[in-house]
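File shown: target-v1.cif. Contents: mmCIF, C-alpha atoms and all ligand atoms.
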```
data_start
loop_
_atom_site.label_atom_id
_atom_site.label_comp_id
_atom_site.auth_asym_id
_atom_site.auth_seq_id
_atom_site.Cartn_x
_atom_site.Cartn_y
_atom_site.Cartn_z
CA MET A 1 0.00 0.00 0.00
CA ILE A 2 1.29 3.46 -0.84
CA LYS A 3 1.38 5.60 2.29
CA VAL A 4 1.63 9.29 3.06
CA GLN A 5 5.24 10.52 3.01
CA LYS A 6 7.24 10.89 6.24
CA GLY A 7 6.83 14.39 7.62
CA THR A 8 3.62 15.05 5.67
CA LYS A 9 0.00 14.69 6.78
CA ASP A 10 -3.49 14.60 5.36
CA ILE A 11 -5.75 17.26 6.78
CA LEU A 12 -8.91 15.22 7.19
CA PRO A 13 -12.54 16.40 6.95
CA ASN A 14 -12.99 16.29 10.75
CA GLU A 15 -10.04 18.71 11.18
CA MET A 16 -11.23 21.10 8.51
CA SER A 17 -13.35 23.33 10.74
CA VAL A 18 -10.20 24.30 12.70
CA TRP A 19 -8.37 25.10 9.46
CA HIS A 20 -11.27 27.17 8.14
CA PHE A 21 -11.40 28.95 11.49
CA MET A 22 -7.66 29.84 11.28
CA GLU A 23 -8.04 31.01 7.69
CA GLU A 24 -11.16 33.09 8.31
CA LYS A 25 -9.65 34.77 11.38
CA ALA A 26 -6.46 35.50 9.41
CA LYS A 27 -8.48 37.22 6.71
CA ALA A 28 -10.55 39.19 9.25
CA VAL A 29 -7.67 40.30 11.48
CA PHE A 30 -5.10 41.10 8.78
CA THR A 31 -7.70 42.88 6.63
CA SER A 32 -8.58 45.05 9.63
CA TYR A 33 -4.97 46.35 9.47
CA GLY A 34 -5.29 47.11 5.75
CA ALA A 35 -3.39 44.01 4.57
CA LYS A 36 -4.31 42.34 1.25
CA GLU A 37 -3.91 38.66 0.48
CA ILE A 38 -1.23 37.46 -1.95
CA ARG A 39 -0.69 33.96 -3.36
CA THR A 40 2.69 33.19 -4.87
CA PRO A 41 3.83 29.92 -6.52
CA ILE A 42 4.91 26.96 -4.44
CA PHE A 43 8.15 26.58 -6.39
CA GLU A 44 10.61 29.31 -7.28
CA ALA A 45 14.12 29.56 -8.74
CA THR A 46 16.56 28.00 -6.25
CA GLU A 47 18.65 31.15 -6.44
CA LEU A 48 15.85 33.18 -4.84
CA PHE A 49 16.23 31.26 -1.59
CA ALA A 50 20.04 31.01 -1.79
CA ARG A 51 20.24 34.81 -2.10
CA GLY A 52 17.14 35.63 -0.06
CA VAL A 53 17.19 33.30 2.93
CA GLY A 54 21.00 33.05 2.82
CA ASP A 55 23.38 30.30 1.79
CA THR A 56 24.86 29.88 5.27
CA THR A 57 21.51 28.94 6.80
CA ASP A 58 20.39 25.39 7.65
CA ILE A 59 17.31 25.96 5.49
CA VAL A 60 19.35 26.57 2.34
CA ASN A 61 22.19 24.18 3.15
CA LYS A 62 20.30 21.14 4.33
CA GLU A 63 16.57 21.48 4.07
CA MET A 64 15.52 22.50 0.58
CA TYR A 65 13.56 20.31 -1.82
CA THR A 66 15.46 21.18 -4.97
CA PHE A 67 15.00 19.62 -8.40
CA GLU A 68 15.93 20.29 -11.99
CA LYS A 69 13.56 20.83 -14.90
CA SER A 70 14.71 21.97 -18.34
CA GLU A 71 18.16 22.63 -16.89
CA ARG A 72 16.68 25.02 -14.34
CA SER A 73 17.18 24.54 -10.65
CA LEU A 74 13.86 24.90 -8.86
CA THR A 75 12.99 24.67 -5.16
CA LEU A 76 9.78 24.07 -3.24
CA ARG A 77 9.47 27.17 -1.08
CA PRO A 78 10.85 26.61 2.45
CA GLU A 79 9.30 29.91 3.56
CA ASN A 80 7.39 32.71 1.87
CA THR A 81 9.17 35.99 2.59
CA ALA A 82 11.57 35.58 -0.34
CA GLY A 83 8.70 34.72 -2.73
CA VAL A 84 6.61 37.68 -1.60
CA VAL A 85 9.60 40.00 -2.01
CA ARG A 86 10.21 38.63 -5.51
CA SER A 87 6.59 39.31 -6.38
CA PHE A 88 6.71 42.78 -4.78
CA ILE A 89 9.68 43.69 -7.02
CA GLU A 90 8.46 41.96 -10.17
CA ASN A 91 5.02 43.57 -10.00
CA GLY A 92 6.33 47.06 -9.25
CA MET A 93 4.53 47.21 -5.91
CA HIS A 94 6.95 49.88 -4.68
CA ARG A 95 4.85 52.26 -6.81
CA LEU A 96 1.77 51.55 -4.67
CA PRO A 97 1.01 53.90 -1.78
CA SER A 98 3.22 52.99 1.13
CA PRO A 99 2.98 50.92 3.28
CA VAL A 100 2.14 47.87 1.20
CA LYS A 101 0.76 45.25 3.57
CA LEU A 102 0.42 41.68 2.30
CA TRP A 103 -0.74 38.51 4.01
CA TYR A 104 -0.58 34.89 2.87
CA LYS A 105 -1.28 31.32 3.81
CA GLY A 106 -0.08 28.10 2.27
CA PRO A 107 2.22 25.10 2.35
CA MET A 108 6.00 25.31 2.88
CA PHE A 109 8.57 22.53 2.54
CA ARG A 110 11.67 21.80 4.60
CA TYR A 111 13.59 18.54 4.67
CA GLU A 112 13.88 18.42 8.46
CA ARG A 113 13.86 15.49 10.87
CA PRO A 114 10.13 15.11 11.59
CA GLN A 115 8.97 15.25 15.20
CA ALA A 116 5.95 16.58 17.08
CA GLY A 117 5.33 20.09 15.71
CA ARG A 118 7.91 19.71 12.94
CA GLN A 119 6.93 18.48 9.50
CA ARG A 120 8.45 18.40 6.04
CA GLN A 121 5.34 19.89 4.51
CA PHE A 122 3.73 22.38 6.88
CA HIS A 123 1.57 25.47 6.47
CA GLN A 124 2.26 29.05 7.35
CA VAL A 125 0.07 32.08 7.65
CA GLY A 126 2.07 35.30 7.52
CA VAL A 127 2.23 39.02 6.93
CA GLU A 128 4.82 41.24 5.20
CA VAL A 129 4.73 45.05 5.46
CA PHE A 130 6.82 47.09 3.02
CA GLY A 131 7.91 50.71 3.01
CA ILE A 132 8.16 51.86 6.63
CA LYS A 133 11.48 52.12 8.42
CA GLN A 134 10.06 53.67 11.61
CA PRO A 135 9.43 51.39 14.61
CA THR A 136 5.69 52.13 14.38
CA ALA A 137 5.62 49.41 11.69
CA ASP A 138 7.43 47.00 14.03
CA ALA A 139 4.85 47.71 16.73
CA GLU A 140 1.93 47.29 14.34
CA VAL A 141 3.25 44.02 12.92
CA ILE A 142 3.79 42.57 16.40
CA LEU A 143 0.27 43.67 17.36
CA MET A 144 -1.16 42.00 14.25
CA ALA A 145 0.46 38.74 15.32
CA ILE A 146 -0.69 39.04 18.93
CA ASN A 147 -4.24 39.99 17.99
CA TYR A 148 -4.52 37.13 15.53
CA LEU A 149 -3.44 34.68 18.23
CA LYS A 150 -5.93 36.29 20.64
CA GLU A 151 -8.73 35.91 18.08
CA LEU A 152 -7.86 32.21 17.85
CA GLY A 153 -8.42 32.06 21.61
CA LEU A 154 -4.81 31.12 22.37
CA LYS A 155 -3.38 31.86 25.79
CA GLU A 156 -0.15 31.28 27.68
CA LEU A 157 1.99 32.77 24.97
CA THR A 158 5.21 34.70 25.47
CA VAL A 159 6.59 37.33 23.15
CA GLU A 160 10.39 37.43 22.88
CA LEU A 161 12.14 40.35 21.27
CA ASN A 162 15.66 41.27 20.30
CA SER A 163 17.46 43.74 18.08
CA LEU A 164 20.18 42.41 15.81
CA GLY A 165 21.26 45.94 14.92
CA CYS A 166 22.27 47.04 11.45
CA PRO A 167 24.94 45.25 9.39
CA LYS A 168 27.57 47.67 10.74
CA CYS A 169 26.90 47.06 14.43
CA ARG A 170 26.39 43.37 13.75
CA GLU A 171 29.90 43.13 12.26
CA ASN A 172 31.20 44.65 15.46
CA PHE A 173 29.37 42.10 17.55
CA LYS A 174 30.49 39.19 15.36
CA THR A 175 34.12 40.23 15.66
CA LYS A 176 33.89 40.49 19.47
CA LEU A 177 32.01 37.20 19.74
CA LYS A 178 34.57 35.38 17.59
CA GLU A 179 37.37 36.81 19.67
CA VAL A 180 36.03 35.45 22.96
CA ILE A 181 35.00 32.11 21.48
CA LYS A 182 38.26 31.50 19.61
CA PRO A 183 40.09 29.80 22.56
CA TYR A 184 37.31 27.17 22.69
CA LEU A 185 37.01 26.60 18.95
CA ASP A 186 38.31 23.01 19.03
CA CYS A 187 35.76 22.03 21.72
CA LEU A 188 32.72 23.21 19.70
CA CYS A 189 30.43 20.83 17.81
CA GLU A 190 31.00 20.36 14.09
CA ASP A 191 28.09 22.68 13.16
CA CYS A 192 29.38 25.47 15.41
CA GLN A 193 32.90 25.09 13.99
CA SER A 194 31.54 25.82 10.55
CA ARG A 195 29.17 28.54 11.84
CA TYR A 196 32.16 30.24 13.50
CA ASP A 197 33.43 31.40 10.12
CA LYS A 198 30.28 31.45 8.03
CA ASN A 199 27.64 32.84 10.38
CA PRO A 200 28.87 33.42 13.96
CA LEU A 201 25.50 34.81 15.13
CA ARG A 202 24.01 31.34 14.69
CA LEU A 203 26.46 30.01 17.32
CA LEU A 204 24.01 31.35 19.90
CA ASP A 205 21.28 29.12 18.50
CA CYS A 206 23.16 25.84 19.06
CA LYS A 207 21.28 23.23 21.08
CA SER A 208 24.33 21.07 22.01
CA PRO A 209 24.81 21.08 25.82
CA GLU A 210 28.63 21.13 25.41
CA CYS A 211 28.50 24.28 23.27
CA GLN A 212 25.91 25.85 25.57
CA GLN A 213 28.24 25.26 28.51
CA ILE A 214 31.02 27.08 26.69
CA TYR A 215 28.71 29.96 25.71
CA SER A 216 27.62 30.37 29.33
CA LYS A 217 31.19 31.28 30.38
CA PRO A 218 31.31 34.78 31.94
CA GLU A 219 33.57 36.37 29.31
CA ILE A 220 31.32 35.09 26.49
CA GLN A 221 28.11 36.05 28.31
CA ALA A 222 29.56 39.53 28.86
CA VAL A 223 29.75 39.96 25.07
CA ILE A 224 26.33 38.37 24.41
CA GLN A 225 24.54 40.38 27.08
CA GLY A 226 26.49 43.58 26.34
CA ASP A 227 24.99 46.40 24.33
CA PHE A 228 26.58 46.15 20.93
CA ILE A 229 24.02 47.95 18.82
CA CYS A 230 24.73 51.50 17.62
CA GLU A 231 22.82 54.56 18.79
CA ASP A 232 20.41 54.64 15.83
CA CYS A 233 19.53 50.96 16.21
CA SER A 234 19.23 51.35 19.95
CA ASN A 235 16.85 54.32 19.55
CA HIS A 236 14.78 52.36 17.05
CA PHE A 237 14.47 49.43 19.45
CA ASN A 238 13.70 51.60 22.48
CA GLU A 239 11.02 53.45 20.58
CA LEU A 240 9.41 50.11 19.71
CA LEU A 241 9.55 48.98 23.34
CA GLY A 242 7.96 52.29 24.31
CA TYR A 243 5.00 51.68 21.98
CA LEU A 244 4.55 48.15 23.27
CA ASP A 245 4.71 49.32 26.90
CA GLU A 246 2.15 52.02 26.18
CA LEU A 247 -0.19 49.38 24.71
CA GLY A 248 0.35 47.03 27.64
CA VAL A 249 2.00 44.31 25.53
CA LYS A 250 4.03 41.96 27.68
CA TYR A 251 7.36 40.81 26.23
CA THR A 252 10.77 39.58 27.28
CA ARG A 253 14.07 40.69 25.80
CA ASN A 254 16.05 37.63 24.70
CA LYS A 255 19.54 38.49 23.60
CA LEU A 256 20.05 34.94 22.33
CA LEU A 257 17.24 35.34 19.81
CA VAL A 258 19.01 35.52 16.44
CA ARG A 259 16.55 33.62 14.14
CA GLY A 260 17.61 31.09 11.54
CA LEU A 261 17.33 33.21 8.40
CA ASP A 262 19.99 35.61 7.14
CA TYR A 263 17.85 38.50 5.99
CA TYR A 264 17.05 40.05 9.36
CA ASN A 265 18.32 43.31 10.81
CA ARG A 266 17.21 45.28 13.85
CA THR A 267 13.96 43.91 15.37
CA VAL A 268 13.46 40.14 15.54
CA PHE A 269 10.74 38.42 17.53
CA GLU A 270 9.21 35.07 18.33
CA ILE A 271 5.99 34.10 20.06
CA LYS A 272 6.20 30.87 22.00
CA SER A 273 3.57 28.70 23.58
CA ASN A 274 3.95 27.13 27.02
CA ASN A 275 1.70 24.30 25.86
CA LEU A 276 3.86 22.84 23.08
CA GLY A 277 6.89 20.57 23.41
CA SER A 278 10.36 21.45 22.17
CA GLN A 279 8.97 22.95 18.93
CA ASN A 280 7.24 25.72 20.85
CA ALA A 281 7.58 28.69 18.49
CA VAL A 282 4.21 29.50 16.96
CA CYS A 283 5.40 32.71 15.31
CA GLY A 284 8.70 34.06 14.05
CA GLY A 285 9.44 37.34 12.39
CA GLY A 286 11.51 40.44 12.09
CA ARG A 287 12.71 43.37 10.05
CA TYR A 288 14.55 42.81 6.77
CA ASP A 289 15.44 46.23 5.41
CA SER A 290 18.00 45.06 2.80
CA LEU A 291 16.20 42.10 1.25
CA VAL A 292 14.25 44.00 -1.41
CA ARG A 293 17.43 45.72 -2.60
CA ASN A 294 19.47 42.49 -2.39
CA LEU A 295 16.95 40.77 -4.64
CA GLY A 296 17.15 43.56 -7.22
CA GLY A 297 14.44 45.98 -6.10
CA GLU A 298 14.46 49.57 -4.88
CA ASP A 299 15.68 50.20 -1.37
CA THR A 300 12.55 49.32 0.67
CA PRO A 301 12.46 48.67 4.41
CA ALA A 302 10.21 45.77 5.43
CA ILE A 303 9.08 43.69 8.36
CA GLY A 304 6.90 40.61 8.75
CA PHE A 305 6.19 37.33 10.47
CA ALA A 306 4.93 33.83 9.80
CA MET A 307 3.16 31.30 11.99
CA GLY A 308 3.08 27.52 11.74
CA MET A 309 -0.55 26.53 11.21
CA GLU A 310 -0.14 22.91 12.37
CA ARG A 311 1.21 24.25 15.67
CA LEU A 312 -1.70 26.68 15.94
CA ALA A 313 -4.17 23.89 15.13
CA SER A 314 -2.78 21.67 17.86
CA LEU A 315 -3.24 24.51 20.36
CA ILE A 316 -6.77 25.32 19.20
CA GLY A 317 -7.78 21.67 19.64
CA GLU A 318 -11.11 20.42 18.43
CA LYS A 319 -13.83 22.66 17.11
CA ASP A 320 -17.15 20.97 16.74
CA GLU A 321 -18.55 23.04 13.94
CA SER A 322 -18.90 20.03 11.73
CA LYS A 323 -22.61 19.51 12.50
CA LEU A 324 -25.16 20.37 9.85
CA ARG A 325 -27.54 23.17 10.73
CA ALA A 326 -30.64 21.12 9.85
CA PHE A 327 -31.86 17.64 9.00
CA VAL A 328 -35.21 17.17 7.29
CA ILE A 329 -37.39 14.39 8.67
CA SER A 330 -40.04 13.24 6.26
CA ASN A 331 -41.24 10.25 4.32
CA ASN A 332 -42.31 12.39 1.43
CA ALA A 333 -39.34 12.65 -0.91
CA ASN A 334 -40.77 15.59 -2.86
CA GLU A 335 -41.34 17.65 0.29
CA ALA A 336 -37.94 16.71 1.74
CA LEU A 337 -36.24 17.76 -1.50
CA LYS A 338 -38.20 21.03 -1.68
CA LEU A 339 -37.53 21.99 1.95
CA SER A 340 -33.83 21.10 1.68
CA GLU A 341 -33.37 23.20 -1.43
CA ASP A 342 -35.28 26.05 0.21
CA MET A 343 -32.98 25.97 3.25
CA ARG A 344 -29.79 25.69 1.19
CA SER A 345 -30.81 28.69 -0.87
CA ASN A 346 -31.12 30.53 2.46
CA GLY A 347 -27.56 29.56 3.40
CA ILE A 348 -28.57 26.76 5.79
CA SER A 349 -26.65 23.50 5.51
CA CYS A 350 -28.95 20.50 5.55
CA GLU A 351 -29.52 16.92 4.50
CA PHE A 352 -32.40 14.46 4.62
CA ASP A 353 -32.72 10.70 4.80
CA LEU A 354 -32.73 9.23 1.35
CA THR A 355 -33.76 5.69 2.27
CA GLY A 356 -37.30 6.04 3.66
CA LYS A 357 -36.51 5.00 7.27
CA LYS A 358 -39.02 5.28 10.15
CA PHE A 359 -39.33 8.73 11.79
CA VAL A 360 -37.63 7.60 15.06
CA LYS A 361 -34.62 6.32 13.13
CA GLN A 362 -34.43 9.53 11.13
CA LEU A 363 -34.62 11.54 14.35
CA GLU A 364 -31.82 9.46 15.89
CA LYS A 365 -29.63 10.17 12.91
CA ALA A 366 -30.54 13.88 12.96
CA SER A 367 -29.50 14.27 16.59
CA LYS A 368 -26.07 12.84 15.78
CA ILE A 369 -25.29 15.04 12.79
CA ALA A 370 -27.44 18.18 12.97
CA GLN A 371 -28.43 21.03 15.28
CA TYR A 372 -32.11 21.21 14.20
CA ALA A 373 -34.61 18.66 12.92
CA VAL A 374 -37.12 20.05 10.43
CA ILE A 375 -40.06 17.68 10.54
CA ILE A 376 -42.74 17.41 7.90
CA GLY A 377 -45.17 14.65 8.75
CA GLU A 378 -48.77 14.13 7.58
CA ASP A 379 -50.25 16.77 9.94
CA GLU A 380 -47.69 19.38 8.98
CA LEU A 381 -48.23 18.64 5.31
CA ALA A 382 -52.00 18.97 5.64
CA ASN A 383 -51.69 22.34 7.45
CA ASN A 384 -48.86 23.76 5.31
CA GLN A 385 -46.64 23.80 8.38
CA VAL A 386 -43.31 22.35 9.56
CA SER A 387 -42.07 21.44 13.03
CA VAL A 388 -38.63 22.70 14.02
CA LYS A 389 -36.92 20.83 16.84
CA ASN A 390 -33.79 22.15 18.52
CA LEU A 391 -31.81 18.95 18.97
CA ASP A 392 -29.67 20.36 21.81
CA THR A 393 -32.52 21.61 24.01
CA GLY A 394 -35.33 19.35 22.77
CA GLU A 395 -37.58 22.40 22.28
CA GLN A 396 -40.03 21.97 19.39
CA LYS A 397 -42.29 24.46 17.60
CA THR A 398 -44.81 23.94 14.81
CA VAL A 399 -44.79 26.94 12.50
CA SER A 400 -45.99 27.94 9.05
CA ARG A 401 -43.98 27.03 5.95
CA GLU A 402 -43.42 30.74 5.30
CA GLU A 403 -41.65 31.50 8.55
CA TYR A 404 -39.85 28.29 9.63
CA ILE A 405 -36.48 29.54 8.28
CA LYS A 406 -36.19 32.24 10.93
CA PHE A 407 -36.28 29.55 13.65
CA ILE A 408 -33.16 27.91 12.23
CA VAL A 409 -30.83 30.72 11.12
P1 LIG B 1 10.48 30.65 10.59
O1 LIG B 1 10.82 30.96 12.03
O2 LIG B 1 11.42 29.78 9.86
O3 LIG B 1 10.31 32.05 9.87
O4 LIG B 1 9.04 30.00 10.53
C1 LIG B 1 7.92 30.63 11.10
C2 LIG B 1 7.04 29.61 11.83
O5 LIG B 1 6.72 28.53 10.96
C3 LIG B 1 7.71 28.93 13.02
O6 LIG B 1 7.63 29.73 14.18
C4 LIG B 1 6.89 27.67 13.15
O7 LIG B 1 5.68 27.94 13.85
C5 LIG B 1 6.56 27.33 11.70
N1 LIG B 1 7.48 26.28 11.20
C6 LIG B 1 8.73 26.44 10.71
N2 LIG B 1 9.25 25.26 10.33
C7 LIG B 1 8.30 24.32 10.58
C8 LIG B 1 8.23 22.90 10.39
N3 LIG B 1 9.22 22.21 9.85
N4 LIG B 1 7.09 22.25 10.76
C9 LIG B 1 6.05 22.95 11.31
N5 LIG B 1 6.06 24.30 11.49
C10 LIG B 1 7.18 24.97 11.15
C11 LIG B 1 10.00 32.20 8.56
O8 LIG B 1 9.62 31.31 7.85
C12 LIG B 1 10.06 33.64 8.09
N6 LIG B 1 9.72 33.67 6.66
C13 LIG B 1 9.11 34.49 8.90
C14 LIG B 1 9.11 35.94 8.47
C15 LIG B 1 8.20 36.53 7.68
N7 LIG B 1 10.03 36.84 8.78
C16 LIG B 1 9.71 37.98 8.20
N8 LIG B 1 8.62 37.81 7.52
#
```
Once you've parsed the file, please lay out its structure as structure tokens.
Amino acid sequence: MIKVQKGTKDILPNEMSVWHFMEEKAKAVFTSYGAKEIRTPIFEATELFARGVGDTTDIVNKEMYTFEKSERSLTLRPENTAGVVRSFIENGMHRLPSPVKLWYKGPMFRYERPQAGRQRQFHQVGVEVFGIKQPTADAEVILMAINYLKELGLKELTVELNSLGCPKCRENFKTKLKEVIKPYLDCLCEDCQSRYDKNPLRLLDCKSPECQQIYSKPEIQAVIQGDFICEDCSNHFNELLGYLDELGVKYTRNKLLVRGLDYYNRTVFEIKSNNLGSQNAVCGGGRYDSLVRNLGGEDTPAIGFAMGMERLASLIGEKDESKLRAFVISNNANEALKLSEDMRSNGISCEFDLTGKKFVKQLEKASKIAQYAVIIGEDELANNQVSVKNLDTGEQKTVSREEYIKFIV
């Protein structure tokens, strides 16, 4: 038997109401901030991710689904910021009134070791805001993320923030970090040894206990915890914190938060859940002021985030919205058909029994799958009436055919 691929999952009909819920809330919340939806292709030129996400990252080095077609190297998107930026440039969106706010949802692909909360095909919902360098955009984007999570009814979340500074102050930090780590270079794990030269910021992300022990040494911590960002970057970050404080947003500053993608500068943030295992980040984002230019566009500051929808779904749990609104109980096929069509044309989901079972059996079935039973027996038929029974409360009313709809909607 052919089975679903490792790290991928079917989203089954009984899970669909949670997915629709996440999608509808995304549309409602992001639209309320003036964002418009964008859908970009699932595969792009490999070079987009190599240049966009960065060729020193794990995503580009180890996790991409890359294939050749007509001598072109193509890649299934591992994330959507690079694709949205490509589309922003290609479609001349810098000419639109600024800011341009875009939101998206869809599948992403990373060849990672699957575990709870980590898949090879997963879905993200995200937002990208172009054109504003001021920290008001950072505050608004973080609020969009928080309010979306609130609308989903999620609690026990923590917001972590950091500023990576600009490329200039980051170079400073990298040099200092490398200096203090150099004496321990031979004791670091293989990954960290290669990160040391290629991408020293990612050293802070290492999960190996041996490396963590080294990084907790006082002289290394002094560099990590020190203030390395320049005055401009520091002002930008403090202004953002001021806005968040004013709005009563709770956050923690995490100086180890560097994020696994190369395009970030200044603000980076993650929102974590206390109710997930080791893969506890539900949202990751940050500012990427050089990406549009690096991918060939006009200089355009930008900031955004993405959330893993499987992780959100597992926090939302079950949503029992799968019941039909109504079930028609009748032994008269013509009447059952007519009433069903009438309800559907009024936006009410309904079904009826197609096999001519006894009324009690039909009612049993109705109470399992629907919220209301709409009964049309001989009496009702004779009087041009229907009986509407609320299957949760048991309450039943007999009303005229003209007005029964208003008892169900
Ligand atoms: P990311 O941190 O790589 O950022 O992913 C964002 C979120 O996607 C994570 O917090 C997590 O919830 C989910 N996620 C990532 N990988 C997996 C996986 N293998 N299985 C399940 N869920 C996963 C980005 O992708 C950036 N593009 C975010 C961004 C947008 N930054 C600026 N704009």
Problem set entry | 8 Å contact set for Asn254 of chain A, only C-alpha atoms, chain neighbours under 6 positions out, as a list in words |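 Once the nearby chain positions are removed, what remains is Glu160, Leu161 and Asn162 of chain A.
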Sorted per-residue table, chain A near ligand LIG 1 (chain B), closest atoms and distance, 8 Å, only C-alpha atoms and all ligand atoms, as a Markdown table:
```
| residue | atom | partner | partner_atom | distance |
| --- | --- | --- | --- | --- |
| A:Pro78 | CA | B:LIG1 | O8 | 7.3 |
| A:Glu79 | CA | B:LIG1 | O8 | 4.5 |
| A:Asn80 | CA | B:LIG1 | N6 | 5.4 |
| A:Thr81 | CA | B:LIG1 | N6 | 4.7 |
| A:Ala82 | CA | B:LIG1 | N6 | 7.5 |
| A:Phe109 | CA | B:LIG1 | N3 | 7.3 |
| A:Arg110 | CA | B:LIG1 | N3 | 5.8 |
| A:Tyr111 | CA | B:LIG1 | N3 | 7.7 |
| A:Glu112 | CA | B:LIG1 | N3 | 6.2 |
| A:Pro114 | CA | B:LIG1 | N3 | 7.4 |
| A:Gly117 | CA | B:LIG1 | C9 | 5.3 |
| A:Arg118 | CA | B:LIG1 | N4 | 3.4 |
| A:Gln119 | CA | B:LIG1 | N4 | 4.0 |
| A:Arg120 | CA | B:LIG1 | N3 | 5.4 |
| A:Gln121 | CA | B:LIG1 | N4 | 6.9 |
| A:Phe122 | CA | B:LIG1 | C9 | 5.0 |
| A:His123 | CA | B:LIG1 | N5 | 6.8 |
| A:Gln124 | CA | B:LIG1 | O5 | 5.8 |
| A:Gly126 | CA | B:LIG1 | C15 | 6.3 |
| A:Val127 | CA | B:LIG1 | C15 | 6.5 |
| A:Glu128 | CA | B:LIG1 | N8 | 5.6 |
| A:Arg259 | CA | B:LIG1 | O1 | 6.7 |
| A:Gly260 | CA | B:LIG1 | O2 | 6.5 |
| A:Leu261 | CA | B:LIG1 | O2 | 7.0 |
| A:Tyr264 | CA | B:LIG1 | C16 | 7.7 |
| A:Glu270 | CA | B:LIG1 | O6 | 6.9 |
| A:Ile271 | CA | B:LIG1 | O6 | 7.5 |
| A:Gln279 | CA | B:LIG1 | C4 | 7.7 |
| A:Asn280 | CA | B:LIG1 | O7 | 7.5 |
| A:Ala281 | CA | B:LIG1 | O6 | 4.4 |
| A:Val282 | CA | B:LIG1 | O7 | 3.8 |
| A:Cys283 | CA | B:LIG1 | O6 | 3.9 |
| A:Gly284 | CA | B:LIG1 | O1 | 4.3 |
| A:Gly285 | CA | B:LIG1 | N7 | 3.7 |
| A:Gly286 | CA | B:LIG1 | C16 | 4.9 |
| A:Arg287 | CA | B:LIG1 | C16 | 6.4 |
| A:Tyr288 | CA | B:LIG1 | C16 | 7.0 |
| A:Ile303 | CA | B:LIG1 | C16 | 5.7 |
| A:Gly304 | CA | B:LIG1 | N8 | 3.5 |
| A:Phe305 | CA | B:LIG1 | C15 | 3.5 |
| A:Ala306 | CA | B:LIG1 | C13 | 4.3 |
| A:Met307 | CA | B:LIG1 | C2 | 4.2 |
| A:Gly308 | CA | B:LIG1 | O7 | 3.4 |
| A:Met309 | CA | B:LIG1 | O7 | 6.9 |
| A:Glu310 | CA | B:LIG1 | C9 | 6.3 |
| A:Arg311 | CA | B:LIG1 | O7 | 6.1 |
| A:Leu312 | CA | B:LIG1 | O7 | 7.8 |
```
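With atom CA of Asp197 of chain A on one side and atom CA of Leu257 of chain A on the other, the separation reads 19.3 Å.
Counting only C-alpha atoms, the residue from A:Ile132, A:Val60, A:Met1, A:Leu185 that sits nearest to Arg77 of chain A is A:Val60.
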For this session: For the point (3.9, 43.8, 15.7) in the file's frame, write as a list in words all residues with an atom no more than 10 Å away, counting all atoms listed in the file.
Result: Pro135, Thr136, Ala137, Asp138, Ala139, Glu140, Val141, Ile142, Leu143, Met144, Ala145, Ile146, Asn147, Leu240, Leu244, Phe269, Gly285, Gly286, Ile303, Gly304 and Phe305 of chain A
Residues of segment 112-175 of chain A within 12 Å of segment 210-223 of chain A: nearest atom pair and distance (Å, one decimal) for each, counting all atoms listed in the file, sorted by chain and number, as a tab-separated table?
```
residue	atom	partner	partner_atom	distance
A:Asn172	CA	A:Val223	CA	10.8
A:Phe173	CA	A:Val223	CA	7.8
A:Lys174	CA	A:Val223	CA	9.8
A:Thr175	CA	A:Val223	CA	10.4
```
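Taking atom CA of Glu298 of chain A as the reference point, atom CA of Gly92 of chain A is found at 9.6 Å.
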Please write out, as lines of an AutoDock Vina configuration file, where the centre of an axis-aligned box around all listed atoms of segment 101-115 of chain A lies and how long its edges are, in Å to one decimal, after adding 4 Å on each side.
```
center_x = 6.3
center_y = 30.2
center_z = 8.7
size_x = 23.2
size_y = 38.1
size_z = 20.9
```
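Atom CA of Ile348 of chain A to atom CA of Glu378 of chain A spans 23.9 Å [interatomic distance, one decimal].
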Exercise. Once you count all atoms listed in the file, which residues end up no further than 10 Å from (19.4, 31.9, 2.2) in the file's frame, shown as JSON, numbers by chain?
Worked result: {"A": [46, 47, 48, 49, 50, 51, 52, 53, 54, 55, 56, 57, 58, 59, 60, 61, 82, 260, 261, 262, 263]}
For this session: Pick out the closest residue to Asp191 of chain A from this set: A:Lys6, A:Lys155, A:Arg86, A:Lys207. Count all atoms listed in the file.
Result: A:Lys207
Exercise. Can you list, as a PyMOL selection string, every protein, DNA or RNA residue that comes within 12 Å of Leu363 of chain A when you count all atoms listed in the file, leaving out same-chain residues fewer than 3 positions away?
Worked result: chain A and resi 326-330+352-353+357-360+366-376+388-391+394
